[in-house]
file upload.txt (compact mmCIF, C-alpha atoms)
# COMPACT_ATOMS: atom_id res chain seq x y z
CA MET A 461 -103.38 69.28 116.75
CA ASN A 462 -104.47 67.30 113.70
CA ALA A 463 -104.01 70.37 111.48
CA LEU A 464 -100.60 71.18 112.99
CA TYR A 465 -99.13 67.78 112.19
CA ASP A 466 -100.78 67.68 108.79
CA THR A 467 -98.49 70.69 108.15
CA ILE A 468 -95.27 69.97 110.04
CA GLY A 469 -95.41 66.27 109.25
CA LEU A 470 -94.37 66.77 105.62
CA ASN A 471 -90.71 65.71 106.23
CA TYR A 472 -91.26 64.13 109.60
CA ALA A 473 -90.34 60.54 108.83
CA GLU A 474 -87.08 61.66 107.22
CA LEU A 475 -85.95 63.94 110.05
CA ARG A 476 -87.37 62.03 113.01
CA LYS A 477 -85.68 58.64 112.69
CA PRO A 478 -85.86 56.67 115.94
CA ASP A 479 -82.58 56.58 117.84
CA ALA A 480 -81.64 53.00 118.70
CA ARG A 481 -80.29 53.94 122.15
CA VAL A 482 -83.48 55.74 123.14
CA ALA A 483 -85.51 52.87 121.65
CA ARG A 484 -83.76 50.31 123.84
CA GLN A 485 -84.77 52.19 126.97
CA ILE A 486 -88.38 52.45 125.83
CA HIS A 487 -88.63 48.82 124.75
CA ALA A 488 -87.10 47.56 127.99
CA ALA A 489 -89.89 49.32 129.87
CA LEU A 490 -92.49 47.33 127.90
CA GLY A 491 -91.25 44.08 129.41
CA GLU A 492 -92.65 40.92 127.83
CA ALA A 493 -95.72 42.57 126.31
CA ARG A 494 -97.07 40.85 123.22
CA THR A 495 -99.90 43.28 122.44
CA VAL A 496 -98.92 46.95 122.44
CA LEU A 497 -100.87 50.16 121.88
CA ASN A 498 -99.04 53.27 120.63
CA VAL A 499 -101.02 56.50 121.07
CA GLY A 500 -100.12 59.72 119.31
CA ALA A 501 -98.20 57.27 117.17
CA GLY A 502 -97.04 59.70 114.48
CA SER A 503 -95.13 57.94 111.74
CA GLY A 504 -94.42 54.92 113.95
CA SER A 505 -91.26 55.89 115.80
CA TYR A 506 -90.18 53.60 118.65
CA GLU A 507 -92.76 50.93 117.98
CA PRO A 508 -91.31 47.56 119.04
CA ALA A 509 -90.89 44.81 116.48
CA GLY A 510 -92.29 41.32 116.88
CA VAL A 511 -95.45 42.30 118.74
CA ASP A 512 -99.13 42.69 117.87
CA LEU A 513 -99.20 46.47 117.58
CA THR A 514 -102.08 48.93 117.32
CA ALA A 515 -101.38 52.59 116.57
CA VAL A 516 -103.72 55.52 117.19
CA GLU A 517 -102.86 58.84 115.50
CA PRO A 518 -105.04 61.90 114.71
CA SER A 519 -103.09 63.20 111.69
CA ALA A 520 -103.67 61.68 108.25
CA GLU A 521 -100.35 63.13 107.06
CA MET A 522 -98.47 61.31 109.78
CA ILE A 523 -100.31 58.06 109.11
CA ALA A 524 -99.40 58.34 105.43
CA GLN A 525 -95.69 58.40 106.34
CA ARG A 526 -95.79 55.17 108.31
CA PRO A 527 -93.66 52.36 106.84
CA VAL A 528 -95.49 49.30 105.62
CA SER A 529 -96.06 46.93 108.54
CA ASP A 530 -98.58 44.58 110.13
CA ALA A 531 -99.63 47.21 112.66
CA LYS A 532 -103.30 48.11 112.91
CA VAL A 533 -103.60 51.86 112.43
CA ILE A 534 -106.58 53.92 113.57
CA GLN A 535 -107.08 57.64 113.00
CA GLY A 536 -108.31 58.91 116.34
CA SER A 537 -107.38 60.54 119.64
CA VAL A 538 -106.19 59.22 122.98
CA GLU A 539 -109.03 60.89 124.86
CA THR A 540 -111.57 58.48 123.31
CA LEU A 541 -109.85 55.17 122.67
CA PRO A 542 -112.15 52.70 120.85
CA PHE A 543 -111.06 49.63 122.82
CA GLY A 544 -112.42 47.60 125.70
CA ASP A 545 -110.91 47.49 129.16
CA ASP A 546 -107.57 45.66 129.49
CA SER A 547 -107.22 45.17 125.72
CA PHE A 548 -103.40 45.46 125.60
CA ASP A 549 -100.44 44.08 127.51
CA ALA A 550 -98.72 47.50 127.40
CA SER A 551 -99.12 50.95 125.89
CA ILE A 552 -96.71 53.71 124.92
CA ALA A 553 -96.94 57.44 124.29
CA VAL A 554 -93.77 58.99 122.84
CA LEU A 555 -93.31 62.79 123.03
CA THR A 556 -97.02 63.39 122.55
CA ILE A 557 -98.76 64.23 125.85
CA HIS A 558 -98.09 67.97 125.45
CA HIS A 559 -100.37 67.92 122.40
CA TRP A 560 -103.37 66.28 124.09
CA SER A 561 -106.53 68.28 124.67
CA ASP A 562 -107.18 66.55 128.03
CA GLN A 563 -104.09 64.97 129.56
CA ALA A 564 -105.83 63.47 132.59
CA LYS A 565 -108.50 61.85 130.42
CA GLY A 566 -105.92 60.57 127.95
CA CYS A 567 -103.92 58.94 130.74
CA ALA A 568 -107.08 57.45 132.21
CA GLU A 569 -107.94 55.99 128.82
CA MET A 570 -104.48 54.47 128.43
CA ARG A 571 -104.69 52.98 131.91
CA ARG A 572 -108.20 51.63 131.21
CA VAL A 573 -107.24 49.73 128.06
CA THR A 574 -103.86 48.46 129.33
CA ARG A 575 -103.33 45.40 131.52
CA GLY A 576 -99.64 46.00 132.15
CA PRO A 577 -97.18 48.88 131.91
CA VAL A 578 -98.12 52.28 130.56
CA VAL A 579 -94.95 53.94 129.24
CA PHE A 580 -94.28 57.58 128.34
CA LEU A 581 -91.31 59.33 126.83
CA THR A 582 -91.84 62.90 127.93
CA PHE A 583 -90.07 66.06 129.11
CA ASP A 584 -89.64 67.42 132.62
CA ALA A 585 -90.12 71.18 132.29
CA SER A 586 -88.55 71.72 135.71
CA HIS A 587 -85.22 70.77 134.11
CA LYS A 588 -84.00 74.14 132.85
CA GLY A 589 -80.36 73.43 132.02
CA PHE A 590 -80.59 73.02 128.24
CA TRP A 591 -78.64 75.87 126.60
CA LEU A 592 -81.16 76.29 123.76
CA PHE A 593 -83.54 77.95 126.22
CA ASP A 594 -81.03 80.78 126.65
CA TYR A 595 -81.62 81.72 123.01
CA PHE A 596 -85.32 80.86 122.82
CA PRO A 597 -86.80 81.32 126.32
CA ALA A 598 -90.28 80.97 124.83
CA LEU A 599 -89.50 77.27 124.34
CA LEU A 600 -89.16 76.78 128.07
CA THR A 601 -92.30 78.79 128.75
CA LEU A 602 -94.14 76.63 126.23
CA ASP A 603 -93.00 73.42 127.94
CA GLU A 604 -93.90 74.76 131.37
CA GLU A 605 -97.42 75.41 130.12
CA ALA A 606 -97.88 72.21 128.10
CA MET A 607 -95.90 69.50 129.88
CA PRO A 608 -97.46 68.00 133.01
CA PRO A 609 -95.29 67.99 136.15
CA MET A 610 -93.78 64.58 136.82
CA ALA A 611 -95.96 64.08 139.91
CA ARG A 612 -99.10 64.18 137.76
CA TYR A 613 -98.27 60.86 136.13
CA GLY A 614 -98.55 59.10 139.47
CA GLU A 615 -101.83 60.88 140.18
CA TRP A 616 -103.30 59.90 136.81
CA LEU A 617 -101.84 56.42 136.34
CA GLY A 618 -101.03 55.08 139.78
CA GLU A 619 -97.54 54.33 141.05
CA ALA A 620 -94.95 55.17 138.40
CA LYS A 621 -91.18 54.94 138.05
CA ILE A 622 -89.39 57.88 136.41
CA GLU A 623 -85.89 57.73 134.96
CA PRO A 624 -83.78 60.10 132.84
CA VAL A 625 -83.28 59.44 129.13
CA PRO A 626 -79.81 60.74 128.19
CA ILE A 627 -79.71 62.13 124.65
CA PRO A 628 -76.75 60.86 122.56
CA HIS A 629 -74.60 63.53 120.94
CA ASP A 630 -75.39 62.08 117.51
CA CYS A 631 -79.07 61.37 118.14
CA THR A 632 -80.83 60.37 114.92
CA ASP A 633 -84.26 61.53 116.07
CA GLY A 634 -84.59 65.26 115.42
CA PHE A 635 -86.67 66.26 118.43
CA LEU A 636 -85.96 69.54 120.20
CA ALA A 637 -82.82 68.60 122.14
CA ALA A 638 -81.39 66.15 119.60
CA TYR A 639 -78.80 68.66 118.39
CA TRP A 640 -77.51 69.78 121.79
CA ARG A 641 -73.89 69.15 120.61
CA ARG A 642 -74.58 70.34 117.04
CA PRO A 643 -75.80 73.90 117.66
CA ALA A 644 -75.58 75.07 114.05
CA ALA A 645 -78.34 72.61 113.19
CA TYR A 646 -80.88 74.90 114.84
CA LEU A 647 -80.15 77.52 112.20
CA ASP A 648 -81.52 75.15 109.54
CA GLU A 649 -85.18 75.90 108.88
CA ARG A 650 -85.75 72.40 107.52
CA ILE A 651 -84.63 70.88 110.83
CA ARG A 652 -86.75 73.29 112.87
CA ARG A 653 -89.78 72.43 110.75
CA ALA A 654 -89.82 68.94 112.27
CA MET A 655 -90.02 70.37 115.80
CA SER A 656 -93.53 71.32 116.87
CA SER A 657 -92.21 73.66 119.58
CA PHE A 658 -90.63 76.01 117.04
CA TRP A 659 -93.90 76.16 115.13
CA LYS A 660 -95.80 77.08 118.25
CA ILE A 661 -93.61 79.95 119.49
CA GLY A 662 -93.83 81.92 116.24
CA ASP A 663 -91.15 84.42 115.26
CA VAL A 664 -87.70 83.13 116.24
CA SER A 665 -85.60 85.57 114.23
CA VAL A 666 -84.04 87.30 117.25
CA GLY A 667 -82.88 84.06 118.80
CA LEU A 668 -81.59 82.74 115.50
CA ALA A 669 -79.58 85.90 114.86
CA ARG A 670 -78.04 85.74 118.33
CA LEU A 671 -77.18 82.05 118.00
CA LYS A 672 -75.64 82.59 114.57
CA SER A 673 -73.55 85.48 115.87
CA ASP A 674 -72.41 83.55 118.94
CA LEU A 675 -71.36 80.59 116.81
CA GLU A 676 -69.41 82.83 114.45
CA ASP A 677 -67.55 84.83 117.09
CA GLY A 678 -66.91 81.91 119.45
CA SER A 679 -69.21 83.07 122.24
CA TRP A 680 -71.23 79.86 122.16
CA GLU A 681 -68.14 77.70 122.52
CA ARG A 682 -66.78 79.81 125.35
CA ARG A 683 -70.01 79.34 127.28
CA TYR A 684 -70.94 75.80 126.33
CA GLY A 685 -67.78 74.29 124.86
CA HIS A 686 -67.51 71.78 127.72
CA LEU A 687 -70.51 70.00 126.21
CA LEU A 688 -68.48 69.11 123.12
CA GLU A 689 -66.57 66.55 125.20
CA LEU A 690 -69.71 64.68 126.30
CA ASP A 691 -71.18 61.65 124.56
CA ALA A 692 -74.67 62.08 126.03
CA LEU A 693 -76.52 64.73 128.03
CA ASP A 694 -79.51 64.86 130.34
CA CYS A 695 -81.63 67.48 128.60
CA GLY A 696 -84.73 66.85 130.70
CA TYR A 697 -86.27 63.91 128.84
CA ARG A 698 -87.84 61.30 131.08
CA LEU A 699 -89.17 57.77 130.79
CA VAL A 700 -92.28 57.20 132.89
CA ARG A 701 -93.39 53.60 133.52
CA THR A 702 -96.22 52.40 135.69
CA VAL A 703 -95.34 49.71 138.23
call {"tool": "encode", "arguments": {"input": "upload.txt", "output": "structure tokens"}}
result
Amino acid sequence: MNALYDTIGLNYAELRKPDARVARQIHAALGEARTVLNVGAGSGSYEPAGVDLTAVEPSAEMIAQRPVSDAKVIQGSVETLPFGDDSFDASIAVLTIHHWSDQAKGCAEMRRVTRGPVVFLTFDASHKGFWLFDYFPALLTLDEEAMPPMARYGEWLGEAKIEPVPIPHDCTDGFLAAYWRRPAAYLDERIRRAMSSFWKIGDVSVGLARLKSDLEDGSWERRYGHLLELDALDCGYRLVRTV
């Protein structure tokens, strides 16, 4: 995982700018927390302002792209957090659990060091409606293998509330479904380079050729044109918050 993000992280901060609408939903889940832990912190996306923040991230490349701030940054992994019990008011993990070597242990560690809410932005692989999977079915297979079922969060963390995170049509954060209303963006190698899923599935030439053809001859719009009238879409992203 460290090596992967040392590679794909080269333009990460530029292409993965936090979306303010997604951020509001995440920050609301943190409540009144004053001390916050961010695990799998990457370049610092979705970290709340005005709190005492500690970030844990395995990749040196990602850490190097963090903006200057007062946050304490530690290179390390969620499975072995170097903190005492109940050290933080809240903790967050944003689009990272699918990269963990031991998801149950990582969740247990977050629960151990957190007094209050443990918050995840994650993906529900049982949600299969995103059109991109029609062109790259290996992406869905990858998520089914890597993303824990929603019920697991309750098993690992205790009672948890789960709510959808609608993705705005002009989402500024270039994660996998960010361009659901801008399909031509997926033809851009630079954009795909900031998506770990495309790195993991290998050769995508067949899907790219089909998408390009469908965009050129109007097939994509005939099948999915109704999406162009929507401002936001449930693409399967979920906010998980312990209660």
call {"tool": "residues_around", "arguments": {"input": "upload.txt", "residues": "stretch 497-506 of chain A", "least_positions_apart": "6", "cutoff": "8 Å", "atoms": "only C-alpha atoms", "output": "ChimeraX atom specification"}}
result
/A:472-473,476-478,483,486-487,513-519,522-527,537-538,548,550-554,556
call {"tool": "closest_atom_pairs", "arguments": {"input": "upload.txt", "of": "stretch 482-596 of chain A", "to": "stretch 657-668 of chain A", "cutoff": "9 Å", "atoms": "all atoms listed in the file", "output": "CSV"}}
result
residue,atom,partner,partner_atom,distance
A:Asp594,CA,A:Gly667,CA,8.7
A:Tyr595,CA,A:Gly667,CA,5.0
A:Phe596,CA,A:Gly667,CA,5.7
call {"tool": "write_last_selection", "arguments": {"input": "upload.txt", "atoms": "C-alpha atoms", "output": "PDB file, in the coordinates of the input"}}
result
ATOM      1  CA  ASP A 594     -81.030  80.780 126.650  1.00  0.00           C
ATOM      2  CA  TYR A 595     -81.620  81.720 123.010  1.00  0.00           C
ATOM      3  CA  PHE A 596     -85.320  80.860 122.820  1.00  0.00           C
TER       4      PHE A 596
END
call {"tool": "closest_residue", "arguments": {"input": "upload.txt", "among": "A:Val573, A:Ala488, A:Ala606, A:Leu636", "to": "A:Met655", "atoms": "all atoms listed in the file"}}
result
A:Leu636
call {"tool": "closest_residue", "arguments": {"input": "upload.txt", "among": "A:Asp630, A:Arg572, A:Ser561, A:Glu605", "to": "A:Ala585", "atoms": "only C-alpha atoms"}}
result
A:Glu605
call {"tool": "axis_aligned_box", "arguments": {"input": "upload.txt", "around": "stretch 576-584 of chain A", "padding_each_side": "5 Å", "output": "lines of an AutoDock Vina configuration file"}}
result
center_x = -94.6
center_y = 56.7
center_z = 129.7
size_x = 20.0
size_y = 31.4
size_z = 15.8
call {"tool": "closest_residue", "arguments": {"input": "upload.txt", "among": "A:Leu647, A:Met607, A:Ala637, A:Cys631", "to": "A:Trp591", "atoms": "all atoms listed in the file"}}
result
A:Ala637
call {"tool": "closest_residue", "arguments": {"input": "upload.txt", "among": "A:Gln563, A:Ser656, A:Ser586, A:Thr632", "to": "A:Cys695", "atoms": "all atoms listed in the file"}}
result
A:Ser586
call {"tool": "atom_distance", "arguments": {"input": "upload.txt", "atom1": "atom CA of A:Glu569", "atom2": "atom CA of A:Asp584"}}
result
21.9 Å
call {"tool": "atom_distance", "arguments": {"input": "upload.txt", "atom1": "atom CA of A:Ala638", "atom2": "atom CA of A:Glu521"}}
result
22.9 Å
call {"tool": "build_atoms", "arguments": {"input": "upload.txt", "residues": "stretch 664-675 of chain A", "atoms": "all heavy atoms", "output": "PDB file, in the coordinates of the input"}}
result
ATOM      1  N   VAL A 664     -88.913  83.487 115.513  1.00  0.00           N
ATOM      2  CA  VAL A 664     -87.700  83.130 116.240  1.00  0.00           C
ATOM      3  C   VAL A 664     -86.477  83.850 115.684  1.00  0.00           C
ATOM      4  O   VAL A 664     -85.333  83.478 115.957  1.00  0.00           O
ATOM      5  CB  VAL A 664     -87.470  81.595 116.205  1.00  0.00           C
ATOM      6  CG1 VAL A 664     -88.570  80.871 116.960  1.00  0.00           C
ATOM      7  CG2 VAL A 664     -87.376  81.093 114.759  1.00  0.00           C
ATOM      8  N   SER A 665     -86.697  84.899 114.929  1.00  0.00           N
ATOM      9  CA  SER A 665     -85.600  85.570 114.230  1.00  0.00           C
ATOM     10  C   SER A 665     -84.557  86.147 115.186  1.00  0.00           C
ATOM     11  O   SER A 665     -83.349  86.101 114.905  1.00  0.00           O
ATOM     12  CB  SER A 665     -86.142  86.670 113.310  1.00  0.00           C
ATOM     13  OG  SER A 665     -86.897  87.612 114.043  1.00  0.00           O
ATOM     14  N   VAL A 666     -84.992  86.703 116.305  1.00  0.00           N
ATOM     15  CA  VAL A 666     -84.040  87.300 117.250  1.00  0.00           C
ATOM     16  C   VAL A 666     -83.111  86.236 117.822  1.00  0.00           C
ATOM     17  O   VAL A 666     -81.884  86.401 117.870  1.00  0.00           O
ATOM     18  CB  VAL A 666     -84.783  88.042 118.375  1.00  0.00           C
ATOM     19  CG1 VAL A 666     -83.796  88.509 119.444  1.00  0.00           C
ATOM     20  CG2 VAL A 666     -85.547  89.235 117.817  1.00  0.00           C
ATOM     21  N   GLY A 667     -83.691  85.129 118.250  1.00  0.00           N
ATOM     22  CA  GLY A 667     -82.880  84.060 118.800  1.00  0.00           C
ATOM     23  C   GLY A 667     -81.950  83.446 117.780  1.00  0.00           C
ATOM     24  O   GLY A 667     -80.790  83.116 118.084  1.00  0.00           O
ATOM     25  N   LEU A 668     -82.430  83.300 116.554  1.00  0.00           N
ATOM     26  CA  LEU A 668     -81.590  82.740 115.500  1.00  0.00           C
ATOM     27  C   LEU A 668     -80.402  83.654 115.197  1.00  0.00           C
ATOM     28  O   LEU A 668     -79.271  83.189 115.024  1.00  0.00           O
ATOM     29  CB  LEU A 668     -82.408  82.532 114.229  1.00  0.00           C
ATOM     30  CG  LEU A 668     -83.437  81.406 114.250  1.00  0.00           C
ATOM     31  CD1 LEU A 668     -84.248  81.414 112.961  1.00  0.00           C
ATOM     32  CD2 LEU A 668     -82.765  80.056 114.455  1.00  0.00           C
ATOM     33  N   ALA A 669     -80.658  84.954 115.141  1.00  0.00           N
ATOM     34  CA  ALA A 669     -79.580  85.900 114.860  1.00  0.00           C
ATOM     35  C   ALA A 669     -78.529  85.870 115.968  1.00  0.00           C
ATOM     36  O   ALA A 669     -77.317  85.917 115.700  1.00  0.00           O
ATOM     37  CB  ALA A 669     -80.159  87.312 114.715  1.00  0.00           C
ATOM     38  N   ARG A 670     -78.980  85.780 117.210  1.00  0.00           N
ATOM     39  CA  ARG A 670     -78.040  85.740 118.330  1.00  0.00           C
ATOM     40  C   ARG A 670     -77.234  84.454 118.315  1.00  0.00           C
ATOM     41  O   ARG A 670     -76.021  84.454 118.531  1.00  0.00           O
ATOM     42  CB  ARG A 670     -78.809  85.878 119.638  1.00  0.00           C
ATOM     43  CG  ARG A 670     -77.906  85.925 120.859  1.00  0.00           C
ATOM     44  CD  ARG A 670     -78.683  86.098 122.140  1.00  0.00           C
ATOM     45  NE  ARG A 670     -77.871  85.699 123.264  1.00  0.00           N
ATOM     46  CZ  ARG A 670     -78.305  85.018 124.295  1.00  0.00           C
ATOM     47  NH1 ARG A 670     -79.582  84.638 124.350  1.00  0.00           N
ATOM     48  NH2 ARG A 670     -77.497  84.694 125.292  1.00  0.00           N
ATOM     49  N   LEU A 671     -77.897  83.317 118.047  1.00  0.00           N
ATOM     50  CA  LEU A 671     -77.180  82.050 118.000  1.00  0.00           C
ATOM     51  C   LEU A 671     -76.160  82.053 116.861  1.00  0.00           C
ATOM     52  O   LEU A 671     -75.009  81.620 117.046  1.00  0.00           O
ATOM     53  CB  LEU A 671     -78.180  80.895 117.817  1.00  0.00           C
ATOM     54  CG  LEU A 671     -77.571  79.497 117.665  1.00  0.00           C
ATOM     55  CD1 LEU A 671     -76.693  79.144 118.865  1.00  0.00           C
ATOM     56  CD2 LEU A 671     -78.670  78.458 117.471  1.00  0.00           C
ATOM     57  N   LYS A 672     -76.555  82.540 115.715  1.00  0.00           N
ATOM     58  CA  LYS A 672     -75.640  82.590 114.570  1.00  0.00           C
ATOM     59  C   LYS A 672     -74.414  83.451 114.897  1.00  0.00           C
ATOM     60  O   LYS A 672     -73.271  83.063 114.631  1.00  0.00           O
ATOM     61  CB  LYS A 672     -76.367  83.149 113.349  1.00  0.00           C
ATOM     62  CG  LYS A 672     -75.531  83.180 112.064  1.00  0.00           C
ATOM     63  CD  LYS A 672     -76.397  83.630 110.885  1.00  0.00           C
ATOM     64  CE  LYS A 672     -75.632  83.559 109.574  1.00  0.00           C
ATOM     65  NZ  LYS A 672     -74.525  84.511 109.508  1.00  0.00           N
ATOM     66  N   SER A 673     -74.644  84.592 115.504  1.00  0.00           N
ATOM     67  CA  SER A 673     -73.550  85.480 115.870  1.00  0.00           C
ATOM     68  C   SER A 673     -72.623  84.827 116.888  1.00  0.00           C
ATOM     69  O   SER A 673     -71.394  84.905 116.780  1.00  0.00           O
ATOM     70  CB  SER A 673     -74.110  86.791 116.422  1.00  0.00           C
ATOM     71  OG  SER A 673     -73.083  87.631 116.894  1.00  0.00           O
ATOM     72  N   ASP A 674     -73.214  84.169 117.889  1.00  0.00           N
ATOM     73  CA  ASP A 674     -72.410  83.550 118.940  1.00  0.00           C
ATOM     74  C   ASP A 674     -71.581  82.379 118.397  1.00  0.00           C
ATOM     75  O   ASP A 674     -70.462  82.128 118.871  1.00  0.00           O
ATOM     76  CB  ASP A 674     -73.307  83.060 120.069  1.00  0.00           C
ATOM     77  CG  ASP A 674     -73.766  84.209 120.962  1.00  0.00           C
ATOM     78  OD1 ASP A 674     -73.414  85.371 120.677  1.00  0.00           O
ATOM     79  OD2 ASP A 674     -74.504  83.944 121.942  1.00  0.00           O
ATOM     80  N   LEU A 675     -72.116  81.672 117.427  1.00  0.00           N
ATOM     81  CA  LEU A 675     -71.360  80.590 116.810  1.00  0.00           C
ATOM     82  C   LEU A 675     -70.192  81.144 115.986  1.00  0.00           C
ATOM     83  O   LEU A 675     -69.094  80.582 115.984  1.00  0.00           O
ATOM     84  CB  LEU A 675     -72.271  79.724 115.945  1.00  0.00           C
ATOM     85  CG  LEU A 675     -73.258  78.838 116.701  1.00  0.00           C
ATOM     86  CD1 LEU A 675     -74.253  78.205 115.737  1.00  0.00           C
ATOM     87  CD2 LEU A 675     -72.519  77.754 117.486  1.00  0.00           C
TER      88      LEU A 675
END
